[in-house]
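Trainee: This one is upload-v7.cif, mmCIF, C-alpha atoms (C1' of nucleotides).
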```
data_run
#
loop_
_atom_site.label_atom_id
_atom_site.label_comp_id
_atom_site.auth_asym_id
_atom_site.auth_seq_id
_atom_site.Cartn_x
_atom_site.Cartn_y
_atom_site.Cartn_z
CA MET A 1 -16.00 -17.69 52.16
CA SER A 2 -14.80 -16.49 55.52
CA ASP A 3 -14.71 -12.89 56.65
CA SER A 4 -10.95 -12.89 56.86
CA THR A 5 -10.64 -14.07 53.28
CA PHE A 6 -13.05 -11.37 52.19
CA SER A 7 -11.16 -8.57 53.86
CA LEU A 8 -7.96 -10.02 52.52
CA GLU A 9 -9.30 -9.54 49.02
CA ALA A 10 -10.24 -5.96 49.85
CA GLU A 11 -6.78 -5.24 51.18
CA ILE A 12 -5.10 -6.78 48.16
CA LEU A 13 -7.27 -4.74 45.85
CA GLU A 14 -6.57 -1.55 47.77
CA ALA A 15 -2.82 -2.07 47.64
CA LEU A 16 -3.00 -2.79 43.92
CA ARG A 17 -5.11 0.30 43.29
CA LYS A 18 -2.60 2.44 45.19
CA MET A 19 0.25 1.18 43.05
CA THR A 20 -1.65 1.46 39.79
CA ARG A 21 -2.60 5.01 40.66
CA ALA A 22 0.98 5.87 41.53
CA ILE A 23 2.07 4.56 38.14
CA ASP A 24 -0.72 6.43 36.33
CA ILE A 25 0.27 9.69 37.99
CA ARG A 26 3.91 9.07 37.22
CA SER A 27 2.90 8.37 33.64
CA ARG A 28 1.45 11.89 33.33
CA THR A 29 4.70 13.36 34.58
CA LEU A 30 6.63 11.28 32.09
CA LEU A 31 4.45 12.51 29.24
CA LEU A 32 4.98 16.11 30.34
CA ASN A 33 8.73 15.97 30.98
CA TYR A 34 9.81 13.33 28.53
CA GLY A 35 7.13 13.06 25.88
CA LEU A 36 6.01 9.45 26.34
CA THR A 37 3.61 7.78 28.75
CA ALA A 38 4.53 4.72 30.77
CA PRO A 39 2.73 2.26 28.44
CA GLN A 40 4.30 3.92 25.41
CA LEU A 41 7.76 3.66 26.94
CA THR A 42 7.16 0.05 27.92
CA VAL A 43 6.04 -0.88 24.42
CA LEU A 44 8.94 1.01 22.85
CA ARG A 45 11.38 -0.94 25.02
CA ALA A 46 9.71 -4.23 24.08
CA ILE A 47 10.10 -3.36 20.41
CA ALA A 48 13.77 -2.54 20.90
CA ARG A 49 14.36 -5.92 22.52
CA GLN A 50 13.23 -7.95 19.52
CA GLU A 51 12.67 -5.91 16.40
CA PRO A 52 11.24 -6.55 13.95
CA VAL A 53 8.21 -7.72 15.86
CA THR A 54 4.48 -8.14 15.31
CA SER A 55 1.76 -6.54 17.38
CA ALA A 56 0.56 -9.94 18.58
CA VAL A 57 3.93 -10.74 20.08
CA LEU A 58 4.09 -7.31 21.66
CA SER A 59 0.63 -7.77 23.06
CA SER A 60 1.52 -10.94 24.93
CA ASP A 61 4.90 -9.49 25.85
CA VAL A 62 3.62 -6.44 27.68
CA HIS A 63 0.37 -8.06 28.84
CA LEU A 64 -1.96 -5.72 27.00
CA GLY A 65 -4.87 -6.48 24.71
CA ARG A 66 -4.32 -6.28 20.98
CA PRO A 67 -6.52 -3.20 20.46
CA THR A 68 -4.68 -1.42 23.25
CA VAL A 69 -1.34 -2.11 21.63
CA THR A 70 -2.66 -0.89 18.28
CA GLY A 71 -3.61 2.42 19.87
CA ILE A 72 -0.23 2.84 21.50
CA LEU A 73 1.52 1.95 18.25
CA ASN A 74 -0.56 4.57 16.43
CA ARG A 75 0.72 7.25 18.79
CA LEU A 76 4.31 6.04 18.56
CA GLU A 77 4.10 6.01 14.78
CA LEU A 78 2.54 9.46 14.72
CA ARG A 79 5.51 10.75 16.70
CA GLY A 80 7.84 9.08 14.20
CA LEU A 81 9.37 6.72 16.75
CA ILE A 82 8.42 3.49 15.04
CA GLN A 83 7.70 2.20 11.56
CA ARG A 84 5.08 -0.33 10.44
CA THR A 85 5.62 -2.29 7.24
CA LYS A 86 4.04 -5.28 5.50
CA GLU A 87 7.02 -6.58 3.64
CA GLY A 88 7.09 -10.24 4.61
CA GLU A 89 5.62 -13.26 2.90
CA ASP A 90 2.48 -13.21 4.98
CA ARG A 91 0.96 -9.87 4.11
CA ARG A 92 -1.37 -10.01 7.09
CA SER A 93 1.33 -9.46 9.71
CA VAL A 94 2.81 -6.04 10.29
CA HIS A 95 6.50 -5.75 11.05
CA ILE A 96 7.29 -3.12 13.62
CA ARG A 97 10.70 -1.46 13.88
CA LEU A 98 12.27 1.46 15.70
CA THR A 99 13.22 4.53 13.70
CA ASP A 100 16.41 6.41 14.48
CA ALA A 101 14.33 8.93 16.38
CA GLY A 102 12.87 6.06 18.38
CA ARG A 103 16.31 4.76 19.21
CA GLN A 104 17.46 8.20 20.34
CA MET A 105 14.34 8.56 22.43
CA LEU A 106 15.11 5.30 24.20
CA ALA A 107 18.73 6.31 24.75
CA GLY A 108 17.65 9.16 26.99
CA ALA A 109 14.68 7.40 28.55
CA PRO A 110 14.00 7.83 32.25
CA SER A 111 12.85 5.10 34.56
CA VAL A 112 9.14 4.30 34.59
CA LEU A 113 9.05 4.53 38.37
CA ARG A 114 10.03 7.58 40.36
CA ASP A 115 13.60 8.00 41.51
CA ASP A 116 12.68 8.13 45.15
CA PHE A 117 10.95 4.79 44.81
CA GLN A 118 14.06 3.35 43.23
CA LYS A 119 16.05 4.71 46.13
CA LYS A 120 13.76 3.09 48.64
CA LEU A 121 14.01 -0.15 46.73
CA ALA A 122 17.78 0.02 46.72
CA ALA A 123 17.78 0.69 50.45
CA LEU A 124 16.14 -2.66 51.14
CA LYS A 125 18.12 -5.68 52.17
CA ASP A 126 18.67 -8.34 49.58
CA TRP A 127 16.35 -10.86 51.16
CA GLU A 128 13.64 -8.22 51.43
CA ARG A 129 13.76 -7.43 47.74
CA THR A 130 13.72 -11.13 46.97
CA GLN A 131 10.76 -11.76 49.20
CA ILE A 132 8.72 -8.82 47.93
CA LEU A 133 9.29 -9.78 44.33
CA ALA A 134 8.51 -13.43 45.01
CA SER A 135 5.25 -12.54 46.76
CA LEU A 136 4.27 -10.22 43.94
CA GLN A 137 4.99 -12.79 41.27
CA ARG A 138 3.21 -15.51 43.14
CA LEU A 139 0.10 -13.37 43.41
CA ALA A 140 0.38 -12.43 39.75
CA ASP A 141 0.57 -16.08 38.76
CA MET A 142 -2.47 -16.84 40.87
CA MET A 143 -4.47 -14.18 39.05
CA ASP A 144 -3.05 -14.50 35.59
CA VAL A 145 -5.68 -15.35 33.04
CA ARG A 146 -3.18 -16.37 30.43
CA ALA A 147 -1.73 -19.10 32.62
CA LEU A 148 -5.20 -20.39 33.42
CA GLU A 149 -6.33 -20.48 29.83
CA ALA A 150 -3.09 -22.07 28.69
CA ALA A 151 -3.45 -24.77 31.31
CA GLU A 152 -7.04 -25.42 30.29
CA ALA A 153 -6.20 -25.50 26.62
CA PHE A 154 -3.42 -27.93 27.33
CA ALA A 155 -5.73 -30.13 29.36
CA ASP A 156 -8.48 -30.03 26.75
CA ASP A 157 -6.56 -31.00 23.68
CA PHE A 158 -2.88 -31.50 23.13
CA VAL A 159 -1.52 -28.30 21.65
CA GLN A 160 2.06 -27.78 20.60
CA PRO A 161 3.75 -25.54 23.13
CA SER A 162 5.16 -23.26 20.46
CA ALA A 163 1.81 -22.89 18.75
CA ALA A 164 -0.02 -22.30 21.98
CA ALA A 165 1.92 -19.13 22.68
CA ASP A 166 -0.66 -16.67 21.41
CA GLN A 167 -3.50 -18.62 19.98
CA PHE A 168 -6.28 -17.86 22.35
CA ASP A 169 -7.74 -14.82 20.77
CA GLY A 170 -9.60 -15.69 17.65
CA ALA A 171 -11.95 -18.56 17.19
CA GLY A 172 -14.70 -19.76 19.42
CA SER A 173 -14.12 -17.58 22.46
CA PRO A 174 -12.49 -19.12 25.51
CA PRO A 175 -14.56 -21.16 27.98
CA THR A 176 -16.98 -18.71 29.46
CA LEU A 177 -15.62 -18.91 33.01
CA ASP A 178 -18.94 -18.03 34.63
CA ASP A 179 -19.43 -18.90 38.22
CA ASP A 180 -21.33 -15.80 39.18
CA SER A 181 -25.01 -16.23 39.62
CA VAL A 182 -26.83 -12.95 39.82
CA PRO A 183 -30.26 -12.10 41.13
CA MET B 1 21.51 2.47 39.16
CA SER B 2 22.67 -1.11 39.04
CA ASP B 3 21.51 -3.60 36.50
CA SER B 4 19.90 -5.76 39.11
CA THR B 5 17.86 -2.85 40.42
CA PHE B 6 16.81 -2.02 36.91
CA SER B 7 15.58 -5.50 36.08
CA LEU B 8 13.89 -5.61 39.47
CA GLU B 9 11.82 -2.62 38.43
CA ALA B 10 10.92 -4.34 35.17
CA GLU B 11 9.84 -7.48 36.98
CA ILE B 12 7.76 -5.54 39.47
CA LEU B 13 6.06 -3.66 36.66
CA GLU B 14 5.38 -6.86 34.77
CA ALA B 15 3.78 -8.54 37.75
CA LEU B 16 1.64 -5.46 38.40
CA ARG B 17 0.57 -5.30 34.79
CA LYS B 18 -0.44 -8.97 34.87
CA MET B 19 -2.62 -8.40 37.91
CA THR B 20 -4.15 -5.19 36.62
CA ARG B 21 -4.99 -6.92 33.37
CA ALA B 22 -6.53 -9.85 35.19
CA ILE B 23 -8.74 -7.42 37.11
CA ASP B 24 -9.68 -5.49 33.96
CA ILE B 25 -10.74 -8.70 32.23
CA ARG B 26 -12.67 -9.81 35.26
CA SER B 27 -14.33 -6.39 35.29
CA ARG B 28 -15.77 -7.03 31.81
CA THR B 29 -17.20 -10.34 32.98
CA LEU B 30 -18.73 -8.62 35.98
CA LEU B 31 -20.35 -5.98 33.75
CA LEU B 32 -21.76 -8.69 31.51
CA ASN B 33 -23.05 -11.06 34.19
CA TYR B 34 -23.82 -8.70 37.00
CA GLY B 35 -24.27 -5.27 35.47
CA LEU B 36 -21.50 -3.34 37.22
CA THR B 37 -17.77 -3.02 36.55
CA ALA B 38 -15.15 -3.56 39.25
CA PRO B 39 -14.60 0.17 39.91
CA GLN B 40 -18.35 0.75 40.02
CA LEU B 41 -18.79 -2.06 42.53
CA THR B 42 -15.90 -0.79 44.61
CA VAL B 43 -17.32 2.73 44.72
CA LEU B 44 -20.79 1.44 45.52
CA ARG B 45 -19.37 -0.50 48.46
CA ALA B 46 -17.48 2.56 49.67
CA ILE B 47 -20.71 4.58 49.60
CA ALA B 48 -22.53 1.89 51.57
CA ARG B 49 -19.85 1.98 54.26
CA GLN B 50 -20.33 5.66 55.09
CA GLU B 51 -23.35 7.24 53.47
CA PRO B 52 -24.06 10.05 53.10
CA VAL B 53 -20.66 10.83 51.65
CA THR B 54 -19.07 13.41 49.36
CA SER B 55 -17.22 12.65 46.18
CA ALA B 56 -13.98 14.02 47.63
CA VAL B 57 -14.09 11.52 50.49
CA LEU B 58 -14.90 8.73 48.06
CA SER B 59 -12.03 9.76 45.86
CA SER B 60 -9.44 9.42 48.58
CA ASP B 61 -11.17 6.30 49.88
CA VAL B 62 -10.91 4.28 46.70
CA HIS B 63 -7.69 5.92 45.48
CA LEU B 64 -9.14 7.37 42.32
CA GLY B 65 -8.97 10.92 40.96
CA ARG B 66 -11.96 13.19 41.45
CA PRO B 67 -12.92 13.33 37.75
CA THR B 68 -12.80 9.54 37.60
CA VAL B 69 -15.13 9.23 40.56
CA THR B 70 -17.52 11.75 39.01
CA GLY B 71 -17.74 9.61 35.89
CA ILE B 72 -18.40 6.45 37.87
CA LEU B 73 -21.04 8.23 39.95
CA ASN B 74 -22.75 9.42 36.77
CA ARG B 75 -23.15 5.84 35.60
CA LEU B 76 -24.32 4.64 39.00
CA GLU B 77 -26.86 7.46 39.15
CA LEU B 78 -28.02 6.76 35.62
CA ARG B 79 -28.73 3.16 36.66
CA GLY B 80 -30.68 4.46 39.66
CA LEU B 81 -28.35 2.92 42.22
CA ILE B 82 -27.36 6.15 43.95
CA GLN B 83 -28.79 9.59 44.60
CA ARG B 84 -26.99 12.94 44.61
CA THR B 85 -28.43 15.84 46.61
CA LYS B 86 -27.30 19.30 47.71
CA GLU B 87 -29.33 19.66 50.86
CA GLY B 88 -26.73 20.62 53.45
CA GLU B 89 -25.58 24.00 54.63
CA ASP B 90 -22.72 24.17 52.21
CA ARG B 91 -24.42 24.05 48.86
CA ARG B 92 -21.18 23.22 47.08
CA SER B 93 -20.85 19.71 48.44
CA VAL B 94 -22.95 16.90 47.04
CA HIS B 95 -24.29 14.26 49.41
CA ILE B 96 -24.29 10.80 47.93
CA ARG B 97 -26.58 8.03 49.13
CA LEU B 98 -27.60 4.55 48.05
CA THR B 99 -31.10 4.05 46.70
CA ASP B 100 -33.07 0.93 47.56
CA ALA B 101 -32.11 -0.47 44.19
CA GLY B 102 -28.48 0.19 45.05
CA ARG B 103 -28.82 -1.63 48.34
CA GLN B 104 -30.40 -4.61 46.62
CA MET B 105 -27.67 -4.62 44.01
CA LEU B 106 -25.04 -4.78 46.75
CA ALA B 107 -26.89 -7.56 48.54
CA GLY B 108 -26.36 -9.89 45.61
CA ALA B 109 -22.94 -8.60 44.64
CA PRO B 110 -20.26 -11.10 43.57
CA SER B 111 -16.62 -10.87 44.54
CA VAL B 112 -14.44 -8.54 42.50
CA LEU B 113 -11.87 -11.29 42.02
CA ARG B 114 -12.59 -14.61 40.39
CA ASP B 115 -13.71 -17.55 42.48
CA ASP B 116 -10.79 -19.68 41.45
CA PHE B 117 -8.41 -16.99 42.65
CA GLN B 118 -10.21 -16.89 45.97
CA LYS B 119 -9.88 -20.62 46.17
CA LYS B 120 -6.16 -20.46 45.54
CA LEU B 121 -5.85 -17.77 48.17
CA ALA B 122 -7.74 -19.86 50.69
CA ALA B 123 -5.49 -22.83 49.95
CA LEU B 124 -2.42 -20.94 51.13
CA LYS B 125 -1.01 -21.36 54.58
CA ASP B 126 -1.63 -18.58 57.06
CA TRP B 127 1.92 -17.32 57.08
CA GLU B 128 1.94 -17.27 53.29
CA ARG B 129 -1.13 -15.06 53.12
CA THR B 130 0.34 -12.79 55.76
CA GLN B 131 3.62 -12.49 53.97
CA ILE B 132 2.13 -11.84 50.56
CA LEU B 133 -0.16 -9.14 51.90
CA ALA B 134 2.66 -7.55 53.90
CA SER B 135 4.93 -7.45 50.86
CA LEU B 136 2.18 -5.97 48.74
CA GLN B 137 1.34 -3.29 51.26
CA ARG B 138 4.95 -2.43 51.83
CA LEU B 139 5.47 -1.95 48.11
CA ALA B 140 2.29 0.10 47.88
CA ASP B 141 3.47 2.36 50.69
CA MET B 142 6.79 2.82 48.95
CA MET B 143 5.03 3.97 45.78
CA ASP B 144 2.11 5.83 47.27
CA VAL B 145 2.05 9.44 46.18
CA ARG B 146 -0.22 10.53 48.98
CA ALA B 147 2.19 9.26 51.63
CA LEU B 148 5.10 10.91 49.87
CA GLU B 149 3.34 14.24 49.62
CA ALA B 150 2.28 14.08 53.24
CA ALA B 151 5.83 13.28 54.31
CA GLU B 152 7.18 16.14 52.23
CA ALA B 153 4.66 18.60 53.56
CA PHE B 154 5.56 17.49 57.05
CA ALA B 155 9.26 17.88 56.36
CA ASP B 156 8.73 21.33 54.85
CA ASP B 157 6.83 22.56 57.82
CA PHE B 158 9.00 21.28 60.61
CA VAL B 159 12.38 20.01 59.49
CA GLN B 160 15.13 20.76 57.05
CA PRO B 161 14.82 18.56 53.95
CA SER B 162 17.97 16.49 54.39
CA ALA B 163 17.40 15.47 57.97
CA ALA B 164 14.34 13.27 58.30
CA ALA B 165 13.93 12.09 54.74
CA ASP B 166 15.20 8.61 55.39
CA GLN B 167 13.74 6.16 57.79
CA PHE B 168 10.44 6.02 59.49
CA ASP B 169 8.98 2.77 60.56
CA GLY B 170 5.92 4.77 61.29
CA ALA B 171 2.69 4.31 63.11
CA GLY B 172 0.44 3.01 60.34
CA SER B 173 3.09 0.96 58.64
CA PRO B 174 2.43 -2.69 57.94
CA PRO B 175 4.15 -5.32 60.05
CA THR B 176 7.81 -5.52 59.16
CA LEU B 177 8.14 -9.06 57.98
CA ASP B 178 11.02 -10.01 60.21
CA ASP B 179 12.07 -13.49 61.09
CA ASP B 180 10.16 -15.38 58.47
CA SER B 181 12.46 -17.63 56.60
CA VAL B 182 11.24 -18.56 53.19
CA PRO B 183 11.62 -22.11 51.95
"C1'" DG C 1 -20.39 45.28 51.51
"C1'" DA C 2 -18.24 44.53 47.22
"C1'" DT C 3 -14.01 42.39 45.34
"C1'" DT C 4 -11.03 38.63 45.76
"C1'" DA C 5 -9.54 34.20 47.13
"C1'" DA C 6 -10.55 29.48 48.21
"C1'" DT C 7 -13.22 25.32 47.82
"C1'" DG C 8 -16.31 21.28 46.07
"C1'" DA C 9 -17.67 19.30 42.05
"C1'" DT C 10 -17.94 18.90 37.17
"C1'" DT C 11 -16.38 19.41 32.35
"C1'" DT C 12 -12.93 19.00 28.77
"C1'" DC C 13 -9.15 16.74 26.81
"C1'" DT C 14 -6.03 13.02 25.95
"C1'" DA C 15 -4.70 8.28 26.68
"C1'" DC C 16 -5.33 3.74 28.08
"C1'" DG C 17 -7.89 -0.87 28.20
"C1'" DC C 18 -10.97 -4.74 26.81
"C1'" DA C 19 -14.68 -7.19 23.91
"C1'" DA C 20 -16.91 -7.78 19.76
"C1'" DA C 21 -17.24 -6.72 15.04
"C1'" DT C 22 -14.75 -6.00 10.88
"C1'" DC C 23 -11.27 -6.07 7.05
"C1'" DG C 24 -7.79 -8.13 4.30
"C1'" DT C 25 -5.09 -12.14 3.64
"C1'" DT C 26 -3.76 -17.00 3.98
"C1'" DT C 27 -4.91 -21.80 4.69
"C1'" DT C 28 -8.17 -25.72 4.70
"C1'" DT C 29 -11.51 -28.38 2.96
"C1'" DC C 30 -14.21 -30.38 -0.34
"C1'" DG D 1 -9.82 -24.48 -7.46
"C1'" DA D 2 -13.80 -22.25 -5.22
"C1'" DA D 3 -16.17 -21.94 -0.65
"C1'" DA D 4 -15.26 -21.94 4.05
"C1'" DA D 5 -12.49 -21.51 7.99
"C1'" DA D 6 -8.71 -19.32 10.30
"C1'" DC D 7 -5.76 -15.65 11.25
"C1'" DG D 8 -3.37 -10.95 11.94
"C1'" DA D 9 -4.52 -6.45 12.65
"C1'" DT D 10 -7.64 -2.68 13.10
"C1'" DT D 11 -12.09 -0.34 14.15
"C1'" DT D 12 -16.00 0.54 17.12
"C1'" DG D 13 -18.14 1.09 21.54
"C1'" DC D 14 -17.98 1.66 26.34
"C1'" DG D 15 -15.68 2.55 30.63
"C1'" DT D 16 -11.96 4.06 33.30
"C1'" DA D 17 -8.05 7.42 34.54
"C1'" DG D 18 -5.68 11.94 35.56
"C1'" DA D 19 -4.48 17.14 34.62
"C1'" DA D 20 -6.15 21.45 33.70
"C1'" DA D 21 -9.92 24.50 33.05
"C1'" DT D 22 -14.45 25.78 34.58
"C1'" DC D 23 -18.64 26.60 37.41
"C1'" DA D 24 -21.06 27.51 41.58
"C1'" DT D 25 -20.79 28.68 46.18
"C1'" DT D 26 -18.63 30.15 50.44
"C1'" DA D 27 -14.89 32.49 53.01
"C1'" DA D 28 -11.48 36.17 53.36
"C1'" DT D 29 -9.91 40.71 52.63
"C1'" DC D 30 -10.17 45.43 52.09
#
```
Please express what this file holds, its structure, as structure tokens.

Mentor:
Amino acid sequence: MSDSTFSLEAEILEALRKMTRAIDIRSRTLLLNYGLTAPQLTVLRAIARQEPVTSAVLSSDVHLGRPTVTGILNRLELRGLIQRTKEGEDRRSVHIRLTDAGRQMLAGAPSVLRDDFQKKLAALKDWERTQILASLQRLADMMDVRALEAAEAFADDFVQPSAAADQFDGAGSPPTLDDDSVP
Amino acid sequence: MSDSTFSLEAEILEALRKMTRAIDIRSRTLLLNYGLTAPQLTVLRAIARQEPVTSAVLSSDVHLGRPTVTGILNRLELRGLIQRTKEGEDRRSVHIRLTDAGRQMLAGAPSVLRDDFQKKLAALKDWERTQILASLQRLADMMDVRALEAAEAFADDFVQPSAAADQFDGAGSPPTLDDDSVP
DNA sequence: GATTAATGATTTCTACGCAAATCGTTTTTC
DNA sequence: GAAAAACGATTTGCGTAGAAATCATTAATC
């Protein structure tokens, strides 16, 4: 591993931390001024897109762990913005829907990112936006665990694409991806 | 706010969430196999770079809030990897140093990102790495709260708000990815 | 020179965020 | 058709993560 590669990692991590922090801080402002945090707003929007929906689908949709989604749903339900029912045939799955209050909340929802960021984004040239997004997505794909696991699962045994969507949580824990030897 | 801008925000947020999640998951693996989480390792490295150091400096160095750094330092101290003393003139500031155990820990430290990601990164062409990093840093600068606040403070002190708000291709800015044409 | 203001760090509070364990409910297997 | 396996969701445990309040110490003000 060359020095340049090492410092590249450090610079990538620093840029990511900056952005994550910016979003976290913005999230506090959202909670104060609007009543929902960024993750809550993101999950609420995901529900609106495809209600009724299960927490497993939401989890893979917003790229959050199942327990994390459960916590966010608890807060949304407590505020009366969503509704959880077990009406279907399979009484294990929970069907999540927006309430009217939830729909109203979404109607007046602000942007997750700050307005001045949006402005800066809009001020870019088309090809710049395209290039930035492409770079970001390429990096994300390189890191994404889901893609890796899916590929491995596919290689290991032939799984139906539709069934493979969110099947890597339960059972015998994914391959232990350990390449770190430690003193 | 155009539709395209709006979906651009959503795609940016999704890519960021993917990467943050990948790092969080990796962090668990690190804790299990190596004994430190990603933030702990990052802070420990920052201490090594400039000991003795105060928590305020660390905070701005790793882009984490002061309370967050305090918590991480507590865990590092509990594991005997660092030492906090109040020896200086100003008895408010705490001087943070590595212990021998901390130095040894760092000596055998793994990379924060997974090896297979590093491999993928190394497999890229030079101009691809450059472009990805430049895009990432440009986006980070556009979001960065610190930079915004600094700019605002500067504007308040010296200039009327409307005048200089727009364009600065400033000193520390990353290279402006100019004549790269993307395949 | 005592009160007040400012400063460095921590504490308190709420909200993520993930892994492993757990609970209730199907589905499989024999 | 009962035991076992699988599955969806939640709970538990630990570690971030930031704002506001607090504590201890130093600087500023009168």

Trainee: For the contact check between chain A and chain C, emit one row per residue of chain A within 7 Å, containing the shortest atom pair and the distance in Å rounded to one decimal, counting all atoms listed in the file, chain then rising number order, as a tab-separated table.

Mentor:
```
residue	atom	partner	partner_atom	distance
A:Gly65	CA	C:DC18	C1'	6.7
A:Thr68	CA	C:DG17	C1'	5.9
A:Arg91	CA	C:DT25	C1'	6.5
A:Arg92	CA	C:DT25	C1'	5.5
```

Trainee: Give as a CSV table (one decimal) with C-alpha atoms, keeping the file's coordinate frame every residue of chain A that touches chain D within 10 Å, counting all atoms listed in the file.

Mentor:
```csv
chain,number,residue,atom,x,y,z
A,21,ARG,CA,-2.6,5.0,40.7
A,24,ASP,CA,-0.7,6.4,36.3
A,25,ILE,CA,0.3,9.7,38.0
A,27,SER,CA,2.9,8.4,33.6
A,28,ARG,CA,1.4,11.9,33.3
A,29,THR,CA,4.7,13.4,34.6
A,54,THR,CA,4.5,-8.1,15.3
A,55,SER,CA,1.8,-6.5,17.4
A,56,ALA,CA,0.6,-9.9,18.6
A,66,ARG,CA,-4.3,-6.3,21.0
A,67,PRO,CA,-6.5,-3.2,20.5
A,70,THR,CA,-2.7,-0.9,18.3
A,71,GLY,CA,-3.6,2.4,19.9
A,90,ASP,CA,2.5,-13.2,5.0
A,91,ARG,CA,1.0,-9.9,4.1
A,92,ARG,CA,-1.4,-10.0,7.1
A,93,SER,CA,1.3,-9.5,9.7
A,94,VAL,CA,2.8,-6.0,10.3
A,167,GLN,CA,-3.5,-18.6,20.0
A,169,ASP,CA,-7.7,-14.8,20.8
A,170,GLY,CA,-9.6,-15.7,17.6
A,171,ALA,CA,-12.0,-18.6,17.2
```

Trainee: Please evaluate the PyMOL selection byres ((chain A) within 8 of (chain B)) against the structure above and give the resulting residues as a ChimeraX atom specification.

Mentor: /A:5,8-9,11-12,14-22,62-64,113,117-118,120-122,131-133,135-137,139-140,142-145,179-183

Trainee: Work out how far apart CA of Pro52 (chain B) and CA of Ile96 (chain B) are and give it in Å to one decimal.

Mentor: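 Here the two named atoms are 5.2 Å from each other.
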
Trainee: Check what the PyMOL selection byres ((chain B and resi 81) around 9) selects in the file above and give those residues as number ranges by chain.

Mentor: B: 44, 75-80, 82-83, 97-105

Trainee: Closest to Leu58 (chain A) among A:Ile72, A:Val43, A:His95, A:Glu87, using only C-alpha atoms?

Mentor: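 Smallest separation from Leu58 (chain A) among the options: A:Val43.
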
Trainee: One number please: CA of Ser7 (chain A) to CA of Gln50 (chain B), in Å, one decimal.

Mentor: 17.0 Å

Trainee: Distance CA of Ser60 (chain B)-CA of Pro39 (chain A), one decimal place?

Mentor: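 Separation between CA of Ser60 (chain B) and CA of Pro39 (chain A): 24.6 Å.
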